[in-house]
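*Asks:* To be precise about what I am sending: the file is called entry39.pdb and holds PDB, C-alpha atoms.
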```pdb
ATOM      1  CA  MET G   1     -42.691  46.670  32.163  1.00  0.00           C
ATOM      2  CA  PRO G   2     -42.706  49.842  30.040  1.00  0.00           C
ATOM      3  CA  ASP G   3     -45.553  52.339  30.194  1.00  0.00           C
ATOM      4  CA  ALA G   4     -48.572  51.224  28.143  1.00  0.00           C
ATOM      5  CA  ASP G   5     -47.965  53.943  25.523  1.00  0.00           C
ATOM      6  CA  LYS G   6     -44.466  52.500  24.940  1.00  0.00           C
ATOM      7  CA  LEU G   7     -45.748  48.959  24.325  1.00  0.00           C
ATOM      8  CA  LEU G   8     -46.584  47.502  20.935  1.00  0.00           C
ATOM      9  CA  ASP G   9     -50.191  48.368  20.179  1.00  0.00           C
ATOM     10  CA  ALA G  10     -52.822  45.877  19.045  1.00  0.00           C
ATOM     11  CA  SER G  11     -52.331  46.654  15.347  1.00  0.00           C
ATOM     12  CA  GLU G  12     -48.558  46.064  15.651  1.00  0.00           C
ATOM     13  CA  VAL G  13     -49.090  42.726  17.413  1.00  0.00           C
ATOM     14  CA  ARG G  14     -51.601  41.659  14.749  1.00  0.00           C
ATOM     15  CA  ALA G  15     -49.254  42.775  11.945  1.00  0.00           C
ATOM     16  CA  PHE G  16     -46.394  40.773  13.481  1.00  0.00           C
ATOM     17  CA  LEU G  17     -48.549  37.635  13.669  1.00  0.00           C
ATOM     18  CA  PHE G  18     -50.021  37.935  10.184  1.00  0.00           C
ATOM     19  CA  ASP G  19     -46.563  38.492   8.741  1.00  0.00           C
ATOM     20  CA  LEU G  20     -45.795  34.860   9.686  1.00  0.00           C
ATOM     21  CA  ALA G  21     -46.533  32.552   6.755  1.00  0.00           C
ATOM     22  CA  PHE G  22     -47.634  29.627   8.932  1.00  0.00           C
ATOM     23  CA  VAL G  23     -50.169  31.839  10.745  1.00  0.00           C
ATOM     24  CA  ARG G  24     -51.731  32.709   7.389  1.00  0.00           C
ATOM     25  CA  GLU G  25     -51.545  29.095   6.141  1.00  0.00           C
ATOM     26  CA  PHE G  26     -53.422  27.803   9.202  1.00  0.00           C
ATOM     27  CA  SER G  27     -55.945  30.699   8.862  1.00  0.00           C
ATOM     28  CA  ILE G  28     -55.292  31.721  12.460  1.00  0.00           C
ATOM     29  CA  SER G  29     -57.226  34.784  13.592  1.00  0.00           C
ATOM     30  CA  VAL G  30     -57.046  36.906  16.723  1.00  0.00           C
ATOM     31  CA  ALA G  31     -60.294  36.742  18.706  1.00  0.00           C
ATOM     32  CA  SER G  32     -59.155  39.065  21.496  1.00  0.00           C
ATOM     33  CA  LEU G  33     -56.028  40.895  22.533  1.00  0.00           C
ATOM     34  CA  ALA G  34     -55.084  42.810  25.702  1.00  0.00           C
ATOM     35  CA  PRO G  35     -51.778  43.464  27.458  1.00  0.00           C
ATOM     36  CA  GLY G  36     -50.619  40.075  28.722  1.00  0.00           C
ATOM     37  CA  SER G  37     -53.293  37.971  27.034  1.00  0.00           C
ATOM     38  CA  VAL G  38     -54.284  36.885  23.539  1.00  0.00           C
ATOM     39  CA  THR G  39     -56.985  34.528  22.326  1.00  0.00           C
ATOM     40  CA  ILE G  40     -56.659  33.028  18.853  1.00  0.00           C
ATOM     41  CA  GLU G  41     -58.862  30.814  16.707  1.00  0.00           C
ATOM     42  CA  LEU G  42     -57.665  28.143  14.288  1.00  0.00           C
ATOM     43  CA  PRO G  43     -60.384  26.642  12.050  1.00  0.00           C
ATOM     44  CA  PHE G  44     -60.484  22.932  11.282  1.00  0.00           C
ATOM     45  CA  ASP G  45     -58.944  22.052   7.913  1.00  0.00           C
ATOM     46  CA  GLU G  46     -58.862  18.448   6.717  1.00  0.00           C
ATOM     47  CA  ARG G  47     -55.399  19.087   5.209  1.00  0.00           C
ATOM     48  CA  PHE G  48     -53.989  19.440   8.715  1.00  0.00           C
ATOM     49  CA  SER G  49     -55.994  16.713  10.464  1.00  0.00           C
ATOM     50  CA  GLY G  50     -54.410  13.711  12.088  1.00  0.00           C
ATOM     51  CA  PRO G  51     -56.906  10.977  12.727  1.00  0.00           C
ATOM     52  CA  PRO G  52     -59.944  11.728  10.542  1.00  0.00           C
ATOM     53  CA  ASN G  53     -61.879  14.781  11.760  1.00  0.00           C
ATOM     54  CA  LEU G  54     -59.493  15.465  14.645  1.00  0.00           C
ATOM     55  CA  PHE G  55     -56.782  18.043  15.232  1.00  0.00           C
ATOM     56  CA  PRO G  56     -53.389  16.362  15.785  1.00  0.00           C
ATOM     57  CA  ALA G  57     -51.236  17.322  18.776  1.00  0.00           C
ATOM     58  CA  SER G  58     -48.923  19.289  16.464  1.00  0.00           C
ATOM     59  CA  VAL G  59     -51.755  21.649  15.468  1.00  0.00           C
ATOM     60  CA  VAL G  60     -52.954  21.957  19.075  1.00  0.00           C
ATOM     61  CA  GLY G  61     -49.363  22.856  19.964  1.00  0.00           C
ATOM     62  CA  THR G  62     -49.184  25.415  17.159  1.00  0.00           C
ATOM     63  CA  ALA G  63     -52.387  27.112  18.331  1.00  0.00           C
ATOM     64  CA  GLY G  64     -51.145  27.190  21.913  1.00  0.00           C
ATOM     65  CA  ASP G  65     -47.692  28.435  20.927  1.00  0.00           C
ATOM     66  CA  VAL G  66     -49.146  31.304  18.875  1.00  0.00           C
ATOM     67  CA  ALA G  67     -51.465  32.359  21.725  1.00  0.00           C
ATOM     68  CA  ALA G  68     -48.796  32.040  24.438  1.00  0.00           C
ATOM     69  CA  ALA G  69     -46.057  33.804  22.452  1.00  0.00           C
ATOM     70  CA  ALA G  70     -48.431  36.515  21.221  1.00  0.00           C
ATOM     71  CA  SER G  71     -49.469  37.217  24.807  1.00  0.00           C
ATOM     72  CA  CYS G  72     -45.782  37.822  25.604  1.00  0.00           C
ATOM     73  CA  LEU G  73     -45.513  40.037  22.523  1.00  0.00           C
ATOM     74  CA  THR G  74     -48.243  42.324  23.893  1.00  0.00           C
ATOM     75  CA  LEU G  75     -45.833  43.357  26.679  1.00  0.00           C
ATOM     76  CA  MET G  76     -42.886  44.118  24.350  1.00  0.00           C
ATOM     77  CA  PRO G  77     -41.774  47.721  23.944  1.00  0.00           C
ATOM     78  CA  LYS G  78     -42.044  49.322  20.521  1.00  0.00           C
ATOM     79  CA  GLY G  79     -39.103  48.268  18.341  1.00  0.00           C
ATOM     80  CA  TRP G  80     -38.892  44.801  19.905  1.00  0.00           C
ATOM     81  CA  ALA G  81     -39.975  41.366  18.683  1.00  0.00           C
ATOM     82  CA  LEU G  82     -39.713  37.770  19.835  1.00  0.00           C
ATOM     83  CA  ALA G  83     -39.310  34.213  18.632  1.00  0.00           C
ATOM     84  CA  THR G  84     -40.319  30.966  20.291  1.00  0.00           C
ATOM     85  CA  LEU G  85     -37.342  29.107  21.764  1.00  0.00           C
ATOM     86  CA  ASP G  86     -39.338  26.048  22.760  1.00  0.00           C
ATOM     87  CA  PHE G  87     -42.796  24.910  23.673  1.00  0.00           C
ATOM     88  CA  THR G  88     -44.392  21.872  25.246  1.00  0.00           C
ATOM     89  CA  VAL G  89     -47.889  20.660  24.516  1.00  0.00           C
ATOM     90  CA  LYS G  90     -49.759  18.352  26.846  1.00  0.00           C
ATOM     91  CA  MET G  91     -52.878  16.809  25.392  1.00  0.00           C
ATOM     92  CA  THR G  92     -55.705  16.633  27.927  1.00  0.00           C
ATOM     93  CA  GLY G  93     -58.443  15.307  25.677  1.00  0.00           C
ATOM     94  CA  ILE G  94     -59.570  14.683  22.126  1.00  0.00           C
ATOM     95  CA  ALA G  95     -59.099  17.729  19.887  1.00  0.00           C
ATOM     96  CA  ARG G  96     -62.341  17.818  17.940  1.00  0.00           C
ATOM     97  CA  GLY G  97     -64.488  20.589  16.548  1.00  0.00           C
ATOM     98  CA  GLU G  98     -64.936  23.201  13.875  1.00  0.00           C
ATOM     99  CA  LYS G  99     -62.085  25.214  15.404  1.00  0.00           C
ATOM    100  CA  LEU G 100     -59.529  25.444  18.160  1.00  0.00           C
ATOM    101  CA  LEU G 101     -59.658  28.330  20.599  1.00  0.00           C
ATOM    102  CA  ALA G 102     -56.382  29.046  22.410  1.00  0.00           C
ATOM    103  CA  ARG G 103     -56.302  31.470  25.341  1.00  0.00           C
ATOM    104  CA  GLY G 104     -52.761  32.669  25.993  1.00  0.00           C
ATOM    105  CA  ARG G 105     -51.391  34.508  29.008  1.00  0.00           C
ATOM    106  CA  VAL G 106     -48.011  35.712  30.242  1.00  0.00           C
ATOM    107  CA  LEU G 107     -46.499  33.814  33.152  1.00  0.00           C
ATOM    108  CA  GLN G 108     -43.186  35.675  33.273  1.00  0.00           C
ATOM    109  CA  ASP G 109     -42.332  38.874  31.410  1.00  0.00           C
ATOM    110  CA  GLY G 110     -38.567  39.195  31.058  1.00  0.00           C
ATOM    111  CA  ARG G 111     -36.170  41.374  29.116  1.00  0.00           C
ATOM    112  CA  THR G 112     -34.370  38.513  27.339  1.00  0.00           C
ATOM    113  CA  ASN G 113     -36.823  35.638  27.741  1.00  0.00           C
ATOM    114  CA  SER G 114     -40.518  35.471  28.551  1.00  0.00           C
ATOM    115  CA  ILE G 115     -42.755  32.545  29.403  1.00  0.00           C
ATOM    116  CA  GLY G 116     -46.341  32.198  28.280  1.00  0.00           C
ATOM    117  CA  ALA G 117     -48.995  29.544  28.612  1.00  0.00           C
ATOM    118  CA  ALA G 118     -52.165  28.743  26.732  1.00  0.00           C
ATOM    119  CA  ASP G 119     -55.146  26.510  27.258  1.00  0.00           C
ATOM    120  CA  VAL G 120     -56.471  25.102  23.990  1.00  0.00           C
ATOM    121  CA  TYR G 121     -60.109  24.144  23.484  1.00  0.00           C
ATOM    122  CA  GLY G 122     -61.873  22.255  20.730  1.00  0.00           C
ATOM    123  CA  VAL G 123     -65.084  24.110  19.881  1.00  0.00           C
ATOM    124  CA  LEU G 124     -68.001  22.047  18.598  1.00  0.00           C
ATOM    125  CA  ASP G 125     -71.479  23.584  18.232  1.00  0.00           C
ATOM    126  CA  GLY G 126     -70.443  26.431  20.553  1.00  0.00           C
ATOM    127  CA  THR G 127     -69.265  24.113  23.337  1.00  0.00           C
ATOM    128  CA  GLU G 128     -65.626  24.419  24.416  1.00  0.00           C
ATOM    129  CA  VAL G 129     -63.771  21.304  25.576  1.00  0.00           C
ATOM    130  CA  LEU G 130     -60.229  21.572  26.911  1.00  0.00           C
ATOM    131  CA  CYS G 131     -57.978  19.438  24.719  1.00  0.00           C
ATOM    132  CA  GLY G 132     -54.480  20.687  25.541  1.00  0.00           C
ATOM    133  CA  THR G 133     -52.253  23.090  27.353  1.00  0.00           C
ATOM    134  CA  VAL G 134     -49.037  24.696  26.116  1.00  0.00           C
ATOM    135  CA  LEU G 135     -46.066  26.240  27.900  1.00  0.00           C
ATOM    136  CA  ALA G 136     -43.807  28.380  25.670  1.00  0.00           C
ATOM    137  CA  THR G 137     -40.528  30.246  26.160  1.00  0.00           C
ATOM    138  CA  THR G 138     -39.690  33.191  23.923  1.00  0.00           C
ATOM    139  CA  ARG G 139     -36.458  34.979  23.067  1.00  0.00           C
ATOM    140  CA  ASN G 140     -37.049  38.733  23.104  1.00  0.00           C
ATOM    141  CA  PHE G 141     -34.882  41.047  20.994  1.00  0.00           C
ATOM    142  CA  LYS G 142     -34.622  44.612  19.792  1.00  0.00           C
ATOM    143  CA  ILE G 143     -35.194  44.888  16.044  1.00  0.00           C
ATOM    144  CA  LYS G 144     -32.165  46.227  14.226  1.00  0.00           C
ATOM    145  CA  ALA G 145     -32.056  47.526  10.682  1.00  0.00           C
ATOM    146  CA  LEU G 146     -30.365  45.181   8.245  1.00  0.00           C
ATOM    147  CA  PRO G 147     -27.156  46.630   6.782  1.00  0.00           C
ATOM    148  CA  PHE G 148     -28.145  45.700   3.218  1.00  0.00           C
ATOM    149  CA  GLY G 149     -31.765  46.686   3.143  1.00  0.00           C
TER
END
```
Using C-alpha cells, write down the structure that the file contains.

*Replies:*
Amino acid sequence: MPDADKLLDASEVRAFLFDLAFVREFSISVASLAPGSVTIELPFDERFSGPPNLFPASVVGTAGDVAAAASCLTLMPKGWALATLDFTVKMTGIARGEKLLARGRVLQDGRTNSIGAADVYGVLDGTEVLCGTVLATTRNFKIKALPFG
C-alpha cells in the first residue's frame, strides 16, 4: 500500500463517487470515509421500491457495491480508479426503513483487483437491522489521458 499522502484523499473519493450518474440518481451520500472503509446512506424512494415500502435486493446490492468498492478506492494511489467487476448480494432479512446504511471495508487490497465487502442495514426510527451483505471485486487501473480530449 502506498504512503497515506500518495493515496486518493477524501475529496477525490467523494468526487469519483458523485461523478457516477447512478450514485446521484439514488441520492447516495457518504456518511463516513477512512482508508479502507466507507459508510454510505441511500434514502428510501418509492420509485425504486420492490414490494410496497421495501427496498428490493437490487437496491440493497447497489448500496453494498458502492460501499464495498468505495472502500477499495480509498486505498488507491493518486491517478488510479476502479470499476466493479462483479458483486454478490445475500439478503439476510427484510430491507425496510427510511434509508439503507451500508458499511464497506476492504478484504484484499491488490494492484490489479481488490475485494471489498459491505453489510447493509435498513434504518427505521434510528434502529439498524441487517438486511444484506455484499461481496464485490474491483478492477483497478491507472487513469490515462484520452488521445482526443

*Asks:* Go ahead and compute the interatomic distance for CA of Arg24 (chain G) and CA of Gly104 (chain G), in Å to one decimal.

*Replies:*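 Separating CA of Arg24 (chain G) from CA of Gly104 (chain G) is a distance of 18.6 Å.
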
*Asks:* Would you mind listing what lies within 9 Å of Ala81 (chain G) as a PDB file with C-alpha atoms, in the frame of the given file, with only C-alpha atoms counted and same-chain residues fewer than 4 positions away left out?

*Replies:*
```
ATOM      1  CA  PHE G  16     -46.394  40.773  13.481  1.00  0.00           C
ATOM      2  CA  LEU G  73     -45.513  40.037  22.523  1.00  0.00           C
ATOM      3  CA  MET G  76     -42.886  44.118  24.350  1.00  0.00           C
ATOM      4  CA  PRO G  77     -41.774  47.721  23.944  1.00  0.00           C
ATOM      5  CA  ARG G 139     -36.458  34.979  23.067  1.00  0.00           C
ATOM      6  CA  ASN G 140     -37.049  38.733  23.104  1.00  0.00           C
ATOM      7  CA  PHE G 141     -34.882  41.047  20.994  1.00  0.00           C
ATOM      8  CA  LYS G 142     -34.622  44.612  19.792  1.00  0.00           C
ATOM      9  CA  ILE G 143     -35.194  44.888  16.044  1.00  0.00           C
TER      10      ILE G 143
END
```

*Asks:* Counting all atoms listed in the file, which of G:Ile94, G:Val38, G:Asn113, G:Ala102 gets nearest to Pro51 (chain G)?

*Replies:* G:Ile94

*Asks:* Given the point (-68.1, 23.8, 21.0) in the file's coordinates, find the residues that have an atom at most 12 Å from it, counting all atoms listed in the file, and give them as a list of chain:residue names.

*Replies:* G:Ala95, G:Arg96, G:Gly97, G:Glu98, G:Lys99, G:Leu100, G:Leu101, G:Tyr121, G:Gly122, G:Val123, G:Leu124, G:Asp125, G:Gly126, G:Thr127, G:Glu128, G:Val129, G:Leu130, G:Cys131

*Asks:* Quick one: pull the distance between CA of Ala69 (chain G) and CA of Glu25 (chain G), Å, one decimal.

*Replies:* 17.8 Å

*Asks:* Can you tell me, as a list in words, what residues are no more than 12 Å from Ser49 (chain G) when counting only C-alpha atoms, ignoring any on the same chain fewer than 2 positions away?

*Replies:* Phe26, Pro43, Phe44, Asp45, Glu46, Arg47, Pro51, Pro52, Asn53, Leu54, Phe55, Pro56, Ala57, Ser58, Val59, Val60, Ala95, Arg96, Gly97, Glu98 and Lys99 of chain G

*Asks:* Interatomic distance between CA of Gly64 (chain G) and CA of Val120 (chain G)?

*Replies:*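 It comes out at 6.1 Å.
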
*Asks:* Given the choices G:Arg103, G:Lys6, G:Lys90, G:Arg14, which gets closest to Ala118 (chain G) if the distance is worked out from all atoms listed in the file?

*Replies:* G:Arg103

*Asks:* Which residues come within 12 Å of Ile115 (chain G), counting all atoms listed in the file, excluding same-chain residues fewer than 6 positions away, as a PyMOL selection string?

*Replies:* chain G and resi 36+65+67-73+75+82-88+104-109+134-140

*Asks:* Could you check which of G:Asp5, G:Ser114, G:Ala10, G:Val89 is closest to Ala31 (chain G), using all atoms listed in the file?

*Replies:*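 Using all atoms listed in the file, Ala31 (chain G) sits closest to G:Ala10.
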
*Asks:* Could you tell me which of G:Gly93, G:Leu42, G:Ala34, G:Ser29 comes closest to Ala15 (chain G) if we count only C-alpha atoms?

*Replies:* G:Ser29

*Asks:* Excluding Val23 (chain G) and residues on its chain fewer than 3 positions from it, collect all residues at most 10 Å away from it, counting all atoms listed in the file, and give them as a PDB file with C-alpha atoms, in the coordinates of the input.

*Replies:*
```pdb
ATOM      1  CA  LEU G  17     -48.549  37.635  13.669  1.00  0.00           C
ATOM      2  CA  PHE G  18     -50.021  37.935  10.184  1.00  0.00           C
ATOM      3  CA  ASP G  19     -46.563  38.492   8.741  1.00  0.00           C
ATOM      4  CA  LEU G  20     -45.795  34.860   9.686  1.00  0.00           C
ATOM      5  CA  PHE G  26     -53.422  27.803   9.202  1.00  0.00           C
ATOM      6  CA  SER G  27     -55.945  30.699   8.862  1.00  0.00           C
ATOM      7  CA  ILE G  28     -55.292  31.721  12.460  1.00  0.00           C
ATOM      8  CA  SER G  29     -57.226  34.784  13.592  1.00  0.00           C
ATOM      9  CA  LEU G  42     -57.665  28.143  14.288  1.00  0.00           C
ATOM     10  CA  THR G  62     -49.184  25.415  17.159  1.00  0.00           C
ATOM     11  CA  ALA G  63     -52.387  27.112  18.331  1.00  0.00           C
ATOM     12  CA  VAL G  66     -49.146  31.304  18.875  1.00  0.00           C
TER      13      VAL G  66
END
```

*Asks:* Taking N, CA and C atoms as the atom set, what does region 82-111 of chain G look like once completed, written as an mmCIF file, in the frame of the given file?

*Replies:*
```cif
data_model
loop_
_atom_site.group_PDB
_atom_site.id
_atom_site.type_symbol
_atom_site.label_atom_id
_atom_site.label_comp_id
_atom_site.auth_asym_id
_atom_site.auth_seq_id
_atom_site.Cartn_x
_atom_site.Cartn_y
_atom_site.Cartn_z
ATOM 1 N N LEU G 82 -40.081 39.004 19.131
ATOM 2 C CA LEU G 82 -39.713 37.770 19.835
ATOM 3 C C LEU G 82 -39.807 36.584 18.899
ATOM 4 N N ALA G 83 -39.228 35.489 19.336
ATOM 5 C CA ALA G 83 -39.310 34.213 18.632
ATOM 6 C C ALA G 83 -39.441 33.118 19.683
ATOM 7 N N THR G 84 -40.177 32.081 19.364
ATOM 8 C CA THR G 84 -40.319 30.966 20.291
ATOM 9 C C THR G 84 -39.019 30.180 20.352
ATOM 10 N N LEU G 85 -38.517 29.966 21.561
ATOM 11 C CA LEU G 85 -37.342 29.107 21.764
ATOM 12 C C LEU G 85 -37.772 27.655 21.867
ATOM 13 N N ASP G 86 -38.811 27.405 22.633
ATOM 14 C CA ASP G 86 -39.338 26.048 22.760
ATOM 15 C C ASP G 86 -40.763 26.112 23.281
ATOM 16 N N PHE G 87 -41.485 25.036 23.049
ATOM 17 C CA PHE G 87 -42.796 24.910 23.673
ATOM 18 C C PHE G 87 -43.097 23.448 23.908
ATOM 19 N N THR G 88 -43.949 23.217 24.890
ATOM 20 C CA THR G 88 -44.392 21.872 25.246
ATOM 21 C C THR G 88 -45.907 21.854 25.173
ATOM 22 N N VAL G 89 -46.436 20.825 24.556
ATOM 23 C CA VAL G 89 -47.889 20.660 24.516
ATOM 24 C C VAL G 89 -48.240 19.389 25.280
ATOM 25 N N LYS G 90 -49.223 19.503 26.119
ATOM 26 C CA LYS G 90 -49.759 18.352 26.846
ATOM 27 C C LYS G 90 -51.209 18.193 26.434
ATOM 28 N N MET G 91 -51.508 17.085 25.817
ATOM 29 C CA MET G 91 -52.878 16.809 25.392
ATOM 30 C C MET G 91 -53.685 16.362 26.607
ATOM 31 N N THR G 92 -54.851 16.964 26.791
ATOM 32 C CA THR G 92 -55.705 16.633 27.927
ATOM 33 C C THR G 92 -57.020 15.992 27.490
ATOM 34 N N GLY G 93 -57.216 15.904 26.196
ATOM 35 C CA GLY G 93 -58.443 15.307 25.677
ATOM 36 C C GLY G 93 -58.401 15.256 24.159
ATOM 37 N N ILE G 94 -59.471 14.790 23.581
ATOM 38 C CA ILE G 94 -59.570 14.683 22.126
ATOM 39 C C ILE G 94 -59.782 16.078 21.545
ATOM 40 N N ALA G 95 -59.014 16.408 20.528
ATOM 41 C CA ALA G 95 -59.099 17.729 19.887
ATOM 42 C C ALA G 95 -60.048 17.636 18.699
ATOM 43 N N ARG G 96 -61.291 17.962 18.951
ATOM 44 C CA ARG G 96 -62.341 17.818 17.940
ATOM 45 C C ARG G 96 -63.155 19.101 17.885
ATOM 46 N N GLY G 97 -63.603 19.440 16.674
ATOM 47 C CA GLY G 97 -64.488 20.589 16.548
ATOM 48 C C GLY G 97 -64.297 21.317 15.244
ATOM 49 N N GLU G 98 -65.070 22.398 15.089
ATOM 50 C CA GLU G 98 -64.936 23.201 13.875
ATOM 51 C C GLU G 98 -63.766 24.165 13.982
ATOM 52 N N LYS G 99 -63.258 24.349 15.218
ATOM 53 C CA LYS G 99 -62.085 25.214 15.404
ATOM 54 C C LYS G 99 -61.450 24.925 16.750
ATOM 55 N N LEU G 100 -60.214 25.406 16.873
ATOM 56 C CA LEU G 100 -59.529 25.444 18.160
ATOM 57 C C LEU G 100 -59.565 26.876 18.655
ATOM 58 N N LEU G 101 -59.717 27.032 19.944
ATOM 59 C CA LEU G 101 -59.658 28.330 20.599
ATOM 60 C C LEU G 101 -58.533 28.227 21.623
ATOM 61 N N ALA G 102 -57.520 29.078 21.492
ATOM 62 C CA ALA G 102 -56.382 29.046 22.410
ATOM 63 C C ALA G 102 -56.310 30.361 23.163
ATOM 64 N N ARG G 103 -56.368 30.285 24.485
ATOM 65 C CA ARG G 103 -56.302 31.470 25.341
ATOM 66 C C ARG G 103 -54.920 31.536 25.984
ATOM 67 N N GLY G 104 -54.124 32.516 25.512
ATOM 68 C CA GLY G 104 -52.761 32.669 25.993
ATOM 69 C C GLY G 104 -52.646 33.731 27.068
ATOM 70 N N ARG G 105 -51.658 33.552 27.940
ATOM 71 C CA ARG G 105 -51.391 34.508 29.008
ATOM 72 C C ARG G 105 -49.906 34.492 29.338
ATOM 73 N N VAL G 106 -49.413 35.602 29.854
ATOM 74 C CA VAL G 106 -48.011 35.712 30.242
ATOM 75 C C VAL G 106 -47.839 35.167 31.656
ATOM 76 N N LEU G 107 -46.845 34.304 31.818
ATOM 77 C CA LEU G 107 -46.499 33.814 33.152
ATOM 78 C C LEU G 107 -45.325 34.587 33.724
ATOM 79 N N GLN G 108 -44.357 34.906 32.848
ATOM 80 C CA GLN G 108 -43.186 35.675 33.273
ATOM 81 C C GLN G 108 -42.759 36.584 32.130
ATOM 82 N N ASP G 109 -42.719 37.878 32.406
ATOM 83 C CA ASP G 109 -42.332 38.874 31.410
ATOM 84 C C ASP G 109 -40.897 39.288 31.704
ATOM 85 N N GLY G 110 -39.971 38.871 30.847
ATOM 86 C CA GLY G 110 -38.567 39.195 31.058
ATOM 87 C C GLY G 110 -38.002 40.025 29.922
ATOM 88 N N ARG G 111 -36.826 40.571 30.152
ATOM 89 C CA ARG G 111 -36.170 41.374 29.116
ATOM 90 C C ARG G 111 -35.639 40.489 27.987
#
```
